[in-house]
Amino acid sequence: MEIQGKQYHTIWLQKNSTNIVEVIDQRKLPFQFEVFEMKTVEDAFFAIKEMVVRGAPLIGVTAAYGMYLALLQTERSELEFVIKSKADYLKASRPTAVNLAFAVDCMTDFILENQNDENLLEQTLEKAHQLKAEEIEFSSKIGDFGLEIIEQIYQKKKDTVNILTHCNAGWLACIDWGTATAPIYKAHLKGIPVHVWVDETRPRNQGARLTAYELGEQGVPHTVIPDNTGGHLMQHGMVDLVIVGSDRTSVTGDVANKIGTYLKALAAHDNNIPFYVALPSSTFDWEIEDGVKQIPIEQRDPGEVSEIEGWTKTGIQNVRLIPENSKVANYGFDVTPARLVSGLITERGVCSANRKSILKLFPEKKS
Ligand code: MRU
């Protein structure tokens, strides 16, 4: 996707280097465009934990490169012990997005299986590149399948398709295209008129800051709304479709996504509006049966709620929003039960949010 007309991915290897990985620093957007360098596994941990990078697919790919950086720092004699402990360390950075564990396990298995290979470093780097390329391909295919849903609505309505999204499940949360945004970008490129209602997404405002920014950079019409506006818009026929991303989806179709997603699903259900979740296969948790009971929900720094960050004449600043002694709660995610989900848009096609339909698309996961 583009920033100021220039093509970017969200993560890449520094030019002429094999030991520095660079990412777009999402803490600064949309106010400043800065690149953050990762030279060690500790840098990758910091980038994930502090949300320099965020969004399930990008968290996964950052962790994959993080495991490569861990290998660069490791003596061959202690490889197995160090790699396993760095894997556990990275996995603890953010608990909800399952892409993190998926990518770390994938890299750990690869490193341990090939530990006696003289080209281990080059091959491990290649493996991280491969996971990155796969995520790009998955997002693009999600875009193709989701485009069909938007096209159908457009053919009936013959007017602008209004899509509501929550948080940032855009290309900034992935490597390219995005998950929830991929169908929107593909529709826009095809000339279908689309307009996006962007939930601001308190407390970190990923909608207001990141989704609005990336849609703007690609020229997609959009309007930022406070988080509690969606229900009103739906009651008045101003939303044709909801598409969100996911951080972890159970094999039974329950969807963990940014806090507030569940309320949008309830409102969509009450107003008979299709509610789709776009996700790559790396976001499925094949072990979890009951998303509400079993998906771990990250609790974040109370400061994200008690303060708000914005742009002033002197740069990015925080201001306090609440009385000094009031307590705050900061749950990062919630779980939307499968019964409220109209369909899952994956790289293999669209399926219903239930075990049978999901496993029909991914039969190799049946065991
Ligand atoms: O806390 P974040 O910003 O990492 O949360 C991101 C989301 O909830 C996204 O909607 C989700 O990861 C899907 S990303 C394609």
# chains A, B, ... in the order shown; residues from 1 in each chain; ligands from 1

$ residues_near_ligand --ligand "ligand 1" --cutoff "9 Å" --atoms "only C-alpha atoms and all ligand atoms" --output "JSON, numbers by chain"
{"A": [48, 51, 53, 54, 55, 56, 57, 58, 59, 94, 96, 97, 139, 165, 166, 167, 168, 169, 170, 171, 172, 173, 174, 178, 179, 180, 181, 204, 205, 206, 244, 245, 246, 247, 248, 256, 257, 258, 259, 261, 278, 279, 280, 283, 298, 332, 333]}

$ residues_around --residues "stretch 144-148 of chain A" --least-positions-apart "5" --cutoff "6 Å" --atoms "only C-alpha atoms" --output "PyMOL selection string"
chain A and resi 183+187+349

$ closest_residue --among "A:Asn318, A:Thr108, A:Thr252, A:Thr201" --to "A:Asp227" --atoms "only C-alpha atoms"
A:Thr201

$ residues_around --residues "A:Gly303" --least-positions-apart "4" --cutoff "10 Å" --atoms "only C-alpha atoms" --output "ChimeraX atom specification"
/A:203,307-308,318,320-321,328-330

$ write_last_selection --atoms "N, CA and C atoms" --output "tab-separated table (two decimals), in the first residue's frame"
chain	number	residue	atom	x	y	z
A	203	PRO	N	-9.20	2.69	23.85
A	203	PRO	CA	-8.44	3.86	24.29
A	203	PRO	C	-7.28	4.25	23.37
A	307	GLU	N	-5.55	8.78	30.26
A	307	GLU	CA	-4.98	9.88	29.48
A	307	GLU	C	-5.33	9.70	28.01
A	308	ILE	N	-5.15	10.74	27.24
A	308	ILE	CA	-5.32	10.62	25.79
A	308	ILE	C	-4.14	11.30	25.11
A	318	ASN	N	0.46	13.86	25.87
A	318	ASN	CA	-0.62	13.19	26.59
A	318	ASN	C	-1.31	14.20	27.51
A	320	ARG	N	-4.44	14.34	30.74
A	320	ARG	CA	-5.29	13.52	31.61
A	320	ARG	C	-6.75	13.80	31.32
A	321	LEU	N	-7.59	12.72	31.40
A	321	LEU	CA	-9.01	12.83	31.07
A	321	LEU	C	-9.91	12.68	32.29
A	328	VAL	N	-9.33	2.82	36.78
A	328	VAL	CA	-9.73	2.52	35.40
A	328	VAL	C	-9.54	1.03	35.13
A	329	ALA	N	-10.28	0.53	34.14
A	329	ALA	CA	-10.08	-0.84	33.66
A	329	ALA	C	-9.74	-0.75	32.19
A	330	ASN	N	-8.81	-1.55	31.74
A	330	ASN	CA	-8.39	-1.46	30.34
A	330	ASN	C	-8.25	-2.85	29.72

$ closest_residue --among "A:Leu359, A:Ile184, A:Ala70, A:Ala103" --to "A:Lys132" --atoms "only C-alpha atoms"
A:Ala103

$ residues_around --residues "A:Ser282" --least-positions-apart "2" --cutoff "7 Å" --atoms "only C-alpha atoms" --output "list of chain:residue names"
A:Asn99, A:Phe102, A:Pro280, A:Phe284

$ write_last_selection --atoms "all heavy atoms" --output "mmCIF file, in the first residue's frame"
data_model
loop_
_atom_site.group_PDB
_atom_site.id
_atom_site.type_symbol
_atom_site.label_atom_id
_atom_site.label_comp_id
_atom_site.auth_asym_id
_atom_site.auth_seq_id
_atom_site.Cartn_x
_atom_site.Cartn_y
_atom_site.Cartn_z
ATOM 1 N N ASN A 99 -1.583 -15.234 16.396
ATOM 2 C CA ASN A 99 -0.566 -15.203 15.329
ATOM 3 C C ASN A 99 0.840 -15.165 15.917
ATOM 4 O O ASN A 99 1.790 -15.645 15.315
ATOM 5 C CB ASN A 99 -0.745 -13.961 14.444
ATOM 6 C CG ASN A 99 -2.133 -13.847 13.889
ATOM 7 O OD1 ASN A 99 -3.077 -13.802 14.657
ATOM 8 N ND2 ASN A 99 -2.272 -13.812 12.583
ATOM 9 N N PHE A 102 1.722 -18.698 16.874
ATOM 10 C CA PHE A 102 1.821 -19.455 15.618
ATOM 11 C C PHE A 102 3.182 -19.199 14.962
ATOM 12 O O PHE A 102 3.906 -20.128 14.597
ATOM 13 C CB PHE A 102 0.664 -19.038 14.688
ATOM 14 C CG PHE A 102 0.862 -19.441 13.255
ATOM 15 C CD1 PHE A 102 0.563 -20.734 12.831
ATOM 16 C CD2 PHE A 102 1.364 -18.528 12.316
ATOM 17 C CE1 PHE A 102 0.772 -21.104 11.504
ATOM 18 C CE2 PHE A 102 1.573 -18.893 10.998
ATOM 19 C CZ PHE A 102 1.270 -20.187 10.592
ATOM 20 N N PRO A 280 -6.855 -14.248 8.365
ATOM 21 C CA PRO A 280 -6.045 -15.299 7.731
ATOM 22 C C PRO A 280 -6.050 -16.552 8.605
ATOM 23 O O PRO A 280 -6.374 -16.476 9.792
ATOM 24 C CB PRO A 280 -4.643 -14.674 7.696
ATOM 25 C CG PRO A 280 -4.621 -13.743 8.868
ATOM 26 C CD PRO A 280 -6.024 -13.246 9.055
ATOM 27 N N PHE A 284 -6.631 -18.404 13.373
ATOM 28 C CA PHE A 284 -7.482 -19.425 14.007
ATOM 29 C C PHE A 284 -6.725 -20.072 15.155
ATOM 30 O O PHE A 284 -5.522 -20.357 15.048
ATOM 31 C CB PHE A 284 -7.853 -20.532 13.006
ATOM 32 C CG PHE A 284 -8.996 -20.153 12.106
ATOM 33 C CD1 PHE A 284 -8.772 -19.852 10.769
ATOM 34 C CD2 PHE A 284 -10.297 -20.099 12.596
ATOM 35 C CE1 PHE A 284 -9.826 -19.508 9.930
ATOM 36 C CE2 PHE A 284 -11.353 -19.754 11.765
ATOM 37 C CZ PHE A 284 -11.118 -19.453 10.428
#
